[in-house]
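The structure file my_file.txt is reproduced below (compact mmCIF, N, CA and C atoms).
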```
# COMPACT_ATOMS: atom_id res chain seq x y z
N MET A 3 -12.28 -21.34 -6.37
CA MET A 3 -13.37 -20.61 -5.80
C MET A 3 -12.92 -19.18 -5.52
N ARG A 4 -13.74 -18.22 -5.90
CA ARG A 4 -13.45 -16.82 -5.61
C ARG A 4 -13.91 -16.54 -4.19
N LEU A 5 -13.01 -16.07 -3.39
CA LEU A 5 -13.34 -15.73 -2.01
C LEU A 5 -13.17 -14.24 -1.85
N SER A 6 -14.24 -13.56 -1.60
CA SER A 6 -14.19 -12.14 -1.33
C SER A 6 -14.56 -11.95 0.13
N PHE A 7 -13.68 -11.34 0.86
CA PHE A 7 -13.87 -11.25 2.30
C PHE A 7 -13.66 -9.82 2.73
N GLY A 8 -14.61 -9.26 3.43
CA GLY A 8 -14.48 -7.90 3.91
C GLY A 8 -14.50 -7.87 5.42
N ILE A 9 -13.73 -7.01 5.96
CA ILE A 9 -13.73 -6.84 7.41
C ILE A 9 -13.82 -5.35 7.71
N LEU A 10 -14.65 -4.97 8.62
CA LEU A 10 -14.78 -3.57 8.97
C LEU A 10 -14.10 -3.26 10.29
N ILE A 11 -14.44 -3.96 11.32
CA ILE A 11 -13.90 -3.64 12.64
C ILE A 11 -13.21 -4.86 13.22
N LEU A 12 -12.02 -4.67 13.69
CA LEU A 12 -11.32 -5.69 14.46
C LEU A 12 -10.87 -4.97 15.71
N LEU A 13 -11.58 -5.16 16.79
CA LEU A 13 -11.47 -4.28 17.95
C LEU A 13 -11.00 -5.04 19.18
N VAL A 14 -9.90 -4.62 19.74
CA VAL A 14 -9.44 -5.14 21.02
C VAL A 14 -9.38 -3.97 21.99
N THR A 15 -10.16 -4.04 23.05
CA THR A 15 -10.22 -2.96 24.02
C THR A 15 -9.44 -3.36 25.27
N VAL A 16 -8.60 -2.46 25.75
CA VAL A 16 -7.78 -2.71 26.93
C VAL A 16 -8.48 -2.12 28.15
N GLY A 17 -8.60 -2.93 29.21
CA GLY A 17 -9.25 -2.47 30.44
C GLY A 17 -8.32 -1.66 31.31
N ILE A 18 -8.05 -0.43 30.92
CA ILE A 18 -7.25 0.48 31.74
C ILE A 18 -8.13 1.65 32.13
N ALA A 19 -7.69 2.43 33.09
CA ALA A 19 -8.50 3.51 33.63
C ALA A 19 -9.05 4.45 32.56
N SER A 20 -8.26 4.73 31.54
CA SER A 20 -8.70 5.66 30.50
C SER A 20 -9.45 4.95 29.38
N GLY A 21 -9.74 3.66 29.54
CA GLY A 21 -10.31 2.90 28.43
C GLY A 21 -9.19 2.73 27.43
N GLY A 22 -9.47 2.32 26.25
CA GLY A 22 -8.40 2.32 25.27
C GLY A 22 -8.49 1.22 24.26
N GLN A 23 -7.70 1.37 23.27
CA GLN A 23 -7.65 0.51 22.11
C GLN A 23 -6.19 0.15 21.87
N ILE A 24 -5.86 -1.12 21.80
CA ILE A 24 -4.46 -1.47 21.56
C ILE A 24 -4.12 -1.56 20.09
N LEU A 25 -5.16 -1.69 19.24
CA LEU A 25 -4.91 -1.72 17.81
C LEU A 25 -4.81 -0.30 17.28
N LEU A 26 -3.97 -0.10 16.29
CA LEU A 26 -3.93 1.17 15.57
C LEU A 26 -4.77 0.99 14.31
N ASN A 27 -5.53 2.02 13.96
CA ASN A 27 -6.39 1.99 12.79
C ASN A 27 -7.34 0.78 12.85
N PRO A 28 -8.06 0.61 13.98
CA PRO A 28 -8.88 -0.58 14.15
C PRO A 28 -10.08 -0.66 13.21
N ASP A 29 -10.51 0.47 12.68
CA ASP A 29 -11.69 0.48 11.81
C ASP A 29 -11.38 0.94 10.39
N PHE A 30 -10.10 1.08 10.05
CA PHE A 30 -9.62 1.42 8.71
C PHE A 30 -10.05 2.82 8.26
N GLU A 31 -10.56 3.63 9.18
CA GLU A 31 -11.04 4.96 8.82
C GLU A 31 -9.92 5.93 8.47
N SER A 32 -8.67 5.53 8.62
CA SER A 32 -7.57 6.38 8.16
C SER A 32 -7.50 6.35 6.64
N GLY A 33 -8.19 5.40 6.02
CA GLY A 33 -8.18 5.27 4.56
C GLY A 33 -6.98 4.52 4.02
N VAL A 34 -6.13 4.02 4.90
CA VAL A 34 -4.98 3.19 4.51
C VAL A 34 -4.97 1.93 5.36
N LEU A 35 -4.25 0.92 4.91
CA LEU A 35 -4.20 -0.35 5.62
C LEU A 35 -3.25 -0.34 6.81
N THR A 36 -2.18 0.44 6.73
CA THR A 36 -1.14 0.48 7.75
C THR A 36 -1.74 0.84 9.11
N PRO A 37 -1.37 0.18 10.17
CA PRO A 37 -0.30 -0.77 10.39
C PRO A 37 -0.71 -2.23 10.18
N TRP A 38 -1.91 -2.47 9.69
CA TRP A 38 -2.28 -3.83 9.29
C TRP A 38 -1.39 -4.23 8.13
N ALA A 39 -1.14 -5.52 7.99
CA ALA A 39 -0.28 -6.00 6.90
C ALA A 39 -0.75 -7.38 6.45
N ASP A 40 -0.49 -7.66 5.19
CA ASP A 40 -0.74 -9.01 4.69
C ASP A 40 0.19 -9.97 5.39
N GLY A 41 -0.34 -11.10 5.80
CA GLY A 41 0.46 -12.16 6.40
C GLY A 41 0.57 -13.31 5.41
N PHE A 42 0.39 -14.50 5.91
CA PHE A 42 0.51 -15.70 5.08
C PHE A 42 -0.56 -15.68 3.99
N SER A 43 -0.19 -16.08 2.78
CA SER A 43 -1.14 -16.13 1.67
C SER A 43 -1.46 -17.57 1.33
N PHE A 44 -2.75 -17.86 1.29
CA PHE A 44 -3.25 -19.15 0.84
C PHE A 44 -3.70 -19.04 -0.62
N GLY A 45 -3.42 -17.88 -1.24
CA GLY A 45 -3.79 -17.62 -2.62
C GLY A 45 -4.74 -16.44 -2.72
N GLY A 46 -4.57 -15.63 -3.73
CA GLY A 46 -5.46 -14.50 -3.93
C GLY A 46 -4.72 -13.18 -3.92
N ASN A 47 -5.49 -12.12 -3.92
CA ASN A 47 -4.96 -10.76 -3.96
C ASN A 47 -4.69 -10.23 -2.56
N PRO A 48 -3.77 -9.28 -2.43
CA PRO A 48 -3.51 -8.68 -1.12
C PRO A 48 -4.72 -7.88 -0.62
N TRP A 49 -4.73 -7.61 0.66
CA TRP A 49 -5.77 -6.78 1.26
C TRP A 49 -5.67 -5.36 0.74
N ALA A 50 -6.81 -4.69 0.64
CA ALA A 50 -6.86 -3.31 0.17
C ALA A 50 -7.99 -2.58 0.90
N ILE A 51 -7.90 -1.28 0.93
CA ILE A 51 -8.95 -0.45 1.52
C ILE A 51 -9.98 -0.15 0.44
N THR A 52 -11.25 -0.20 0.83
CA THR A 52 -12.33 0.12 -0.08
C THR A 52 -13.35 1.00 0.63
N SER A 53 -14.16 1.70 -0.13
CA SER A 53 -15.26 2.48 0.44
C SER A 53 -16.59 1.92 -0.04
N THR A 54 -16.58 0.76 -0.64
CA THR A 54 -17.78 0.13 -1.18
C THR A 54 -18.25 -1.00 -0.29
N GLY A 55 -19.51 -0.98 0.09
CA GLY A 55 -20.11 -2.08 0.83
C GLY A 55 -19.70 -2.20 2.28
N CYS A 56 -19.17 -1.15 2.87
CA CYS A 56 -18.73 -1.21 4.26
C CYS A 56 -19.93 -1.29 5.21
N HIS A 57 -19.72 -1.88 6.36
CA HIS A 57 -20.77 -2.02 7.36
C HIS A 57 -21.19 -0.67 7.91
N SER A 58 -20.23 0.15 8.27
CA SER A 58 -20.46 1.52 8.73
C SER A 58 -19.16 2.28 8.51
N GLY A 59 -19.20 3.56 8.65
CA GLY A 59 -18.00 4.35 8.39
C GLY A 59 -17.76 4.49 6.90
N SER A 60 -16.65 5.09 6.55
CA SER A 60 -16.34 5.36 5.15
C SER A 60 -15.48 4.30 4.51
N PHE A 61 -14.70 3.56 5.30
CA PHE A 61 -13.74 2.61 4.74
C PHE A 61 -13.81 1.27 5.45
N CYS A 62 -13.37 0.25 4.74
CA CYS A 62 -13.17 -1.08 5.31
C CYS A 62 -12.07 -1.76 4.50
N ALA A 63 -11.58 -2.87 5.00
CA ALA A 63 -10.55 -3.62 4.29
C ALA A 63 -11.23 -4.77 3.57
N GLU A 64 -10.70 -5.09 2.38
CA GLU A 64 -11.29 -6.15 1.57
C GLU A 64 -10.20 -7.00 0.96
N ASN A 65 -10.52 -8.27 0.81
CA ASN A 65 -9.59 -9.21 0.21
C ASN A 65 -10.36 -10.12 -0.74
N THR A 66 -9.82 -10.34 -1.93
CA THR A 66 -10.36 -11.33 -2.85
C THR A 66 -9.32 -12.43 -2.92
N GLY A 67 -9.61 -13.50 -2.29
CA GLY A 67 -8.65 -14.59 -2.16
C GLY A 67 -8.65 -15.07 -0.73
N ASN A 68 -7.53 -15.48 -0.26
CA ASN A 68 -7.44 -15.97 1.10
C ASN A 68 -6.06 -15.60 1.65
N VAL A 69 -5.94 -14.37 2.07
CA VAL A 69 -4.69 -13.82 2.58
C VAL A 69 -4.93 -13.33 4.01
N GLU A 70 -4.03 -13.68 4.89
CA GLU A 70 -4.13 -13.27 6.29
C GLU A 70 -3.94 -11.76 6.41
N LEU A 71 -4.74 -11.12 7.25
CA LEU A 71 -4.58 -9.71 7.61
C LEU A 71 -4.15 -9.68 9.07
N LYS A 72 -2.98 -9.10 9.33
CA LYS A 72 -2.37 -9.23 10.66
C LYS A 72 -1.91 -7.88 11.20
N GLN A 73 -2.01 -7.75 12.53
CA GLN A 73 -1.41 -6.60 13.21
C GLN A 73 -0.74 -7.11 14.48
N THR A 74 0.48 -6.65 14.70
CA THR A 74 1.19 -6.92 15.94
C THR A 74 1.25 -5.64 16.76
N PHE A 75 1.43 -5.79 18.07
CA PHE A 75 1.42 -4.61 18.95
C PHE A 75 2.25 -4.93 20.18
N ASP A 76 2.47 -3.91 21.01
CA ASP A 76 3.22 -4.12 22.25
C ASP A 76 2.52 -5.16 23.10
N PRO A 77 3.27 -5.99 23.79
CA PRO A 77 2.67 -7.04 24.61
C PRO A 77 1.68 -6.47 25.62
N ILE A 78 0.55 -7.16 25.74
CA ILE A 78 -0.47 -6.76 26.70
C ILE A 78 -1.00 -8.01 27.42
N ALA A 79 -1.06 -7.94 28.73
CA ALA A 79 -1.57 -9.08 29.51
C ALA A 79 -3.03 -9.31 29.17
N THR A 80 -3.40 -10.56 28.94
CA THR A 80 -4.80 -10.84 28.60
C THR A 80 -5.74 -10.48 29.74
N THR A 81 -5.24 -10.41 30.95
CA THR A 81 -6.08 -10.00 32.08
C THR A 81 -6.44 -8.52 31.99
N SER A 82 -5.73 -7.73 31.16
CA SER A 82 -6.02 -6.31 30.97
C SER A 82 -6.99 -6.05 29.83
N ILE A 83 -7.30 -7.07 29.05
CA ILE A 83 -8.17 -6.91 27.88
C ILE A 83 -9.61 -7.14 28.30
N THR A 84 -10.48 -6.21 27.91
CA THR A 84 -11.89 -6.29 28.30
C THR A 84 -12.81 -6.70 27.16
N GLY A 85 -12.30 -6.77 25.95
CA GLY A 85 -13.15 -7.19 24.84
C GLY A 85 -12.36 -7.42 23.57
N VAL A 86 -12.82 -8.38 22.77
CA VAL A 86 -12.26 -8.64 21.44
C VAL A 86 -13.45 -8.97 20.54
N SER A 87 -13.68 -8.14 19.54
CA SER A 87 -14.80 -8.39 18.64
C SER A 87 -14.52 -7.80 17.27
N PHE A 88 -15.26 -8.26 16.28
CA PHE A 88 -15.12 -7.72 14.93
C PHE A 88 -16.37 -8.00 14.11
N TRP A 89 -16.54 -7.21 13.05
CA TRP A 89 -17.56 -7.42 12.04
C TRP A 89 -16.88 -8.01 10.82
N ALA A 90 -17.52 -8.97 10.17
CA ALA A 90 -16.95 -9.58 8.97
C ALA A 90 -18.05 -9.86 7.96
N LEU A 91 -17.67 -9.85 6.70
CA LEU A 91 -18.61 -10.09 5.60
C LEU A 91 -18.00 -11.05 4.61
N HIS A 92 -18.73 -12.07 4.26
CA HIS A 92 -18.40 -12.96 3.15
C HIS A 92 -19.47 -12.72 2.08
N PRO A 93 -19.15 -12.00 1.02
CA PRO A 93 -20.17 -11.72 0.00
C PRO A 93 -20.61 -12.94 -0.80
N ASP A 94 -19.78 -13.97 -0.89
CA ASP A 94 -20.11 -15.15 -1.68
C ASP A 94 -20.85 -16.16 -0.82
N PRO A 95 -22.08 -16.57 -1.23
CA PRO A 95 -22.85 -17.48 -0.41
C PRO A 95 -22.20 -18.85 -0.21
N GLY A 96 -21.32 -19.28 -1.11
CA GLY A 96 -20.67 -20.58 -0.98
C GLY A 96 -19.57 -20.60 0.07
N VAL A 97 -19.21 -19.44 0.58
CA VAL A 97 -18.14 -19.35 1.57
C VAL A 97 -18.79 -18.99 2.90
N SER A 98 -18.59 -19.82 3.89
CA SER A 98 -19.33 -19.57 5.13
C SER A 98 -18.46 -19.66 6.37
N ALA A 99 -17.15 -19.51 6.23
CA ALA A 99 -16.29 -19.59 7.40
C ALA A 99 -15.14 -18.60 7.30
N LEU A 100 -14.61 -18.24 8.45
CA LEU A 100 -13.39 -17.43 8.51
C LEU A 100 -12.60 -17.90 9.71
N ALA A 101 -11.34 -17.55 9.72
CA ALA A 101 -10.47 -17.92 10.83
C ALA A 101 -9.84 -16.67 11.43
N TYR A 102 -9.61 -16.70 12.73
CA TYR A 102 -8.86 -15.64 13.40
C TYR A 102 -7.85 -16.31 14.30
N VAL A 103 -6.73 -15.60 14.51
CA VAL A 103 -5.62 -16.16 15.26
C VAL A 103 -5.17 -15.15 16.30
N PHE A 104 -4.97 -15.61 17.53
CA PHE A 104 -4.34 -14.82 18.59
C PHE A 104 -2.89 -15.25 18.69
N PHE A 105 -1.97 -14.27 18.70
CA PHE A 105 -0.54 -14.55 18.83
C PHE A 105 -0.08 -14.12 20.22
N TYR A 106 0.66 -15.00 20.88
CA TYR A 106 1.10 -14.76 22.26
C TYR A 106 2.61 -14.63 22.34
N GLN A 107 3.05 -13.89 23.35
CA GLN A 107 4.48 -13.72 23.59
C GLN A 107 5.12 -15.09 23.78
N GLY A 108 6.28 -15.29 23.19
CA GLY A 108 6.95 -16.58 23.27
C GLY A 108 6.67 -17.46 22.07
N GLY A 109 5.85 -16.98 21.13
CA GLY A 109 5.64 -17.72 19.89
C GLY A 109 4.40 -18.57 19.80
N GLY A 110 3.64 -18.72 20.86
CA GLY A 110 2.43 -19.54 20.78
C GLY A 110 1.30 -18.81 20.09
N ASN A 111 0.37 -19.55 19.52
CA ASN A 111 -0.81 -18.94 18.94
C ASN A 111 -1.99 -19.91 19.03
N ASP A 112 -3.18 -19.35 18.97
CA ASP A 112 -4.41 -20.13 18.95
C ASP A 112 -5.23 -19.67 17.75
N GLU A 113 -5.69 -20.63 16.96
CA GLU A 113 -6.48 -20.34 15.77
C GLU A 113 -7.89 -20.90 15.95
N PHE A 114 -8.88 -20.13 15.50
CA PHE A 114 -10.28 -20.52 15.62
C PHE A 114 -10.97 -20.32 14.29
N VAL A 115 -11.88 -21.19 13.94
CA VAL A 115 -12.69 -21.07 12.74
C VAL A 115 -14.13 -20.86 13.18
N VAL A 116 -14.79 -19.86 12.58
CA VAL A 116 -16.19 -19.57 12.89
C VAL A 116 -16.97 -19.49 11.59
N ASN A 117 -18.24 -19.81 11.67
CA ASN A 117 -19.11 -19.72 10.50
C ASN A 117 -19.73 -18.34 10.42
N THR A 118 -19.86 -17.83 9.22
CA THR A 118 -20.56 -16.58 9.00
C THR A 118 -22.00 -16.92 8.65
N SER A 119 -22.88 -15.94 8.71
CA SER A 119 -24.29 -16.20 8.43
C SER A 119 -24.66 -15.66 7.06
N GLY A 120 -24.63 -16.52 6.06
CA GLY A 120 -25.03 -16.13 4.71
C GLY A 120 -24.12 -15.09 4.11
N THR A 121 -24.72 -14.11 3.44
CA THR A 121 -23.93 -13.12 2.73
C THR A 121 -23.93 -11.76 3.42
N GLY A 122 -24.56 -11.64 4.57
CA GLY A 122 -24.58 -10.36 5.26
C GLY A 122 -23.43 -10.21 6.23
N TRP A 123 -23.32 -9.02 6.82
CA TRP A 123 -22.32 -8.77 7.85
C TRP A 123 -22.65 -9.58 9.10
N SER A 124 -21.63 -10.13 9.72
CA SER A 124 -21.78 -10.90 10.96
C SER A 124 -20.90 -10.29 12.03
N PHE A 125 -21.41 -10.24 13.26
CA PHE A 125 -20.66 -9.73 14.40
C PHE A 125 -20.12 -10.91 15.20
N PHE A 126 -18.85 -10.82 15.59
CA PHE A 126 -18.22 -11.87 16.37
C PHE A 126 -17.61 -11.29 17.63
N ASP A 127 -18.05 -11.78 18.77
CA ASP A 127 -17.44 -11.44 20.05
C ASP A 127 -16.60 -12.65 20.43
N VAL A 128 -15.27 -12.51 20.36
CA VAL A 128 -14.37 -13.65 20.54
C VAL A 128 -13.51 -13.52 21.80
N PHE A 129 -13.92 -12.65 22.69
CA PHE A 129 -13.18 -12.40 23.93
C PHE A 129 -12.94 -13.69 24.73
N ALA A 130 -13.92 -14.56 24.78
CA ALA A 130 -13.82 -15.78 25.59
C ALA A 130 -12.73 -16.73 25.11
N GLN A 131 -12.25 -16.55 23.88
CA GLN A 131 -11.22 -17.44 23.36
C GLN A 131 -9.80 -17.01 23.73
N LEU A 132 -9.64 -15.85 24.34
CA LEU A 132 -8.31 -15.42 24.78
C LEU A 132 -7.80 -16.37 25.87
N ARG A 133 -6.51 -16.67 25.82
CA ARG A 133 -5.90 -17.45 26.90
C ARG A 133 -5.90 -16.62 28.18
N SER A 134 -6.22 -17.24 29.27
CA SER A 134 -6.15 -16.51 30.54
C SER A 134 -4.70 -16.48 31.01
N ASN A 135 -4.34 -15.42 31.65
CA ASN A 135 -3.00 -15.26 32.23
C ASN A 135 -1.88 -15.45 31.22
N ASP A 136 -2.01 -14.86 30.04
CA ASP A 136 -0.97 -14.90 29.02
C ASP A 136 -0.75 -13.48 28.52
N THR A 137 0.10 -13.32 27.52
CA THR A 137 0.43 -12.00 26.99
C THR A 137 0.20 -11.99 25.49
N LEU A 138 -0.73 -11.18 25.03
CA LEU A 138 -1.09 -11.08 23.63
C LEU A 138 -0.17 -10.10 22.91
N VAL A 139 0.30 -10.47 21.72
CA VAL A 139 1.20 -9.60 20.95
C VAL A 139 0.73 -9.37 19.51
N GLY A 140 -0.40 -9.99 19.12
CA GLY A 140 -0.89 -9.78 17.77
C GLY A 140 -2.13 -10.60 17.50
N LEU A 141 -2.78 -10.27 16.38
CA LEU A 141 -3.92 -11.05 15.93
C LEU A 141 -4.04 -10.93 14.44
N SER A 142 -4.75 -11.90 13.87
CA SER A 142 -4.97 -11.88 12.43
C SER A 142 -6.32 -12.50 12.11
N ILE A 143 -6.75 -12.30 10.87
CA ILE A 143 -8.00 -12.85 10.38
C ILE A 143 -7.83 -13.18 8.92
N TYR A 144 -8.50 -14.23 8.48
CA TYR A 144 -8.53 -14.55 7.06
C TYR A 144 -9.77 -15.38 6.76
N GLY A 145 -10.21 -15.32 5.51
CA GLY A 145 -11.36 -16.10 5.09
C GLY A 145 -10.92 -17.49 4.72
N ASN A 146 -11.85 -18.41 4.76
CA ASN A 146 -11.55 -19.75 4.26
C ASN A 146 -12.84 -20.42 3.83
N SER A 147 -12.72 -21.56 3.20
CA SER A 147 -13.88 -22.27 2.71
C SER A 147 -14.57 -23.00 3.85
N ALA A 148 -15.85 -23.22 3.68
CA ALA A 148 -16.62 -23.94 4.69
C ALA A 148 -16.00 -25.31 4.92
N GLY A 149 -16.01 -25.73 6.17
CA GLY A 149 -15.52 -27.06 6.51
C GLY A 149 -14.04 -27.14 6.78
N ILE A 150 -13.32 -26.04 6.67
CA ILE A 150 -11.87 -26.07 6.91
C ILE A 150 -11.62 -25.69 8.36
```

Structure rendered as structure tokens:
Amino acid sequence: MRLSFGILILLVTVGIASGGQILLNPDFESGVLTPWADGFSFGGNPWAITSTGCHSGSFCAENTGNVELKQTFDPIATTSITGVSFWALHPDPGVSALAYVFFYQGGGNDEFVVNTSGTGWSFFDVFAQLRSNDTLVGLSIYGNSAGI
């Protein structure tokens, strides 16, 4: 099955006095993937930046296949995080799910699978899935087939 998966925004906001963003290049508008990186591959092509079919802005990241897109960052207490959300697109109607993973200090992680709505862009607010009173050090996202 060809899996084409696009992601525009992967946004983690830190609740500090000045507001803030703990991710670097959270919307890919730098035109490069860095500091995002390919993680585990379940098959397919690596992630790449594209300017075609983006939700908003000039650039988004796209993957044809099923490869994890991951970013790690300095440890941040989950009690300091005020929001975690992203936009995602599955262009193929036969693919209706994606997974995201929170990575915690000490090696623990939590993985969640969510359904997308058809072939359009879907917004996901996943803040409620953060562990309370823990320390976040990274996150990732990847597409997968329905039912996985």

_Taking 4 positions as the minimum chain separation for residues in the same chain, which residues sit within 8 Å of Phe44 (chain A) when counting all atoms listed in the file? Answer as JSON, numbers by chain._
{"A": [67, 68, 69, 70]}

_8 Å contact set for Phe104 (chain A), only C-alpha atoms, chain neighbours under 3 positions out, as a PyMOL selection string_ = chain A and resi 111-113+132+138-142

*From the list A:Gly46, A:Phe30, A:Phe88, A:Tyr102, which residue is nearest Cys62 (chain A) when using all atoms listed in the file?*
A:Phe30

*Determine, counting all atoms listed in the file, which protein, DNA and RNA residues have an atom within 7 Å of an atom of Phe129 (chain A); residues of the same chain fewer than 2 positions away are not included. Present the result as a PyMOL selection string.*
chain A and resi 84-87+126-127+131-132

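Residues in contact with Gly122 (chain A) at up to 6 Å, not including ones fewer than 6 positions away on its chain and judged by only N, CA and C atoms, are Ala90, Leu91 and His92 of chain A.
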
For the residues in the current selection, export N, CA and C atoms as a PDB file, in the coordinates of the input.
```
ATOM      1  N   ALA A  90     -17.520  -8.970  10.170  1.00  0.00           N
ATOM      2  CA  ALA A  90     -16.950  -9.580   8.970  1.00  0.00           C
ATOM      3  C   ALA A  90     -18.050  -9.860   7.960  1.00  0.00           C
ATOM      4  N   LEU A  91     -17.670  -9.850   6.700  1.00  0.00           N
ATOM      5  CA  LEU A  91     -18.610 -10.090   5.600  1.00  0.00           C
ATOM      6  C   LEU A  91     -18.000 -11.050   4.610  1.00  0.00           C
ATOM      7  N   HIS A  92     -18.730 -12.070   4.260  1.00  0.00           N
ATOM      8  CA  HIS A  92     -18.400 -12.960   3.150  1.00  0.00           C
ATOM      9  C   HIS A  92     -19.470 -12.720   2.080  1.00  0.00           C
TER      10      HIS A  92
END
```

*Between atom N of Gly59 (chain A) and atom N of Pro28 (chain A), what is the distance, to one decimal in Å?*
12.7 Å

_Trp49 (chain A) environment, 6 Å, only N, CA and C atoms, sequence neighbours closer than 6 positions dropped, as a ChimeraX atom specification_ = /A:40,64-65

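CA of Ile83 (chain A) to CA of Ile24 (chain A) spans 9.1 Å [interatomic distance, one decimal].
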
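Nearest to Ser134 (chain A) of all the residues A:Ala39, A:Cys56, A:Thr80, A:Ala50 is A:Thr80, counting all atoms listed in the file.
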
_From A:Gln23, A:Thr137, A:Thr66, A:Ser58, residue lying nearest Tyr106 (chain A) [all atoms listed in the file]_ = A:Thr137

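For the set A:Gly145, A:Thr81, A:Trp89, A:Ile51, the residue with the smallest atom-to-atom gap to Ala130 (chain A) is A:Thr81, counting only C-alpha atoms.
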
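Straight-line separation from atom C of Thr74 (chain A) to atom N of Ser32 (chain A): 17.0 Å.
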
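The residue that comes closest to Leu25 (chain A), out of A:Phe61, A:Phe42, A:Phe75, A:Phe125 and on the basis of only C-alpha atoms, is A:Phe75.
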
As AutoDock Vina command-line options, please: the centre and edge lengths in Å, to one decimal, of an axis-aligned box enclosing every listed atom of region 27-42 of chain A with 5 Å added on each side.
```
--center_x -5.6 --center_y -4.7 --center_z 9.1 --size_x 22.3 --size_y 32.1 --size_z 20.2
```

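Distance annotation: of A:Leu100, A:Asp136, A:Val116, A:Thr54, the residue with the minimal separation from Ile78 (chain A) is A:Asp136; atom set is all atoms listed in the file.
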
*asked:* Give me, as a ChimeraX atom specification, the residues of region 40-104 of chain A that a backbone DSSP run labels strand (DSSP E).
replied: /A:40-46,50-52,62-79,83-91,99-104
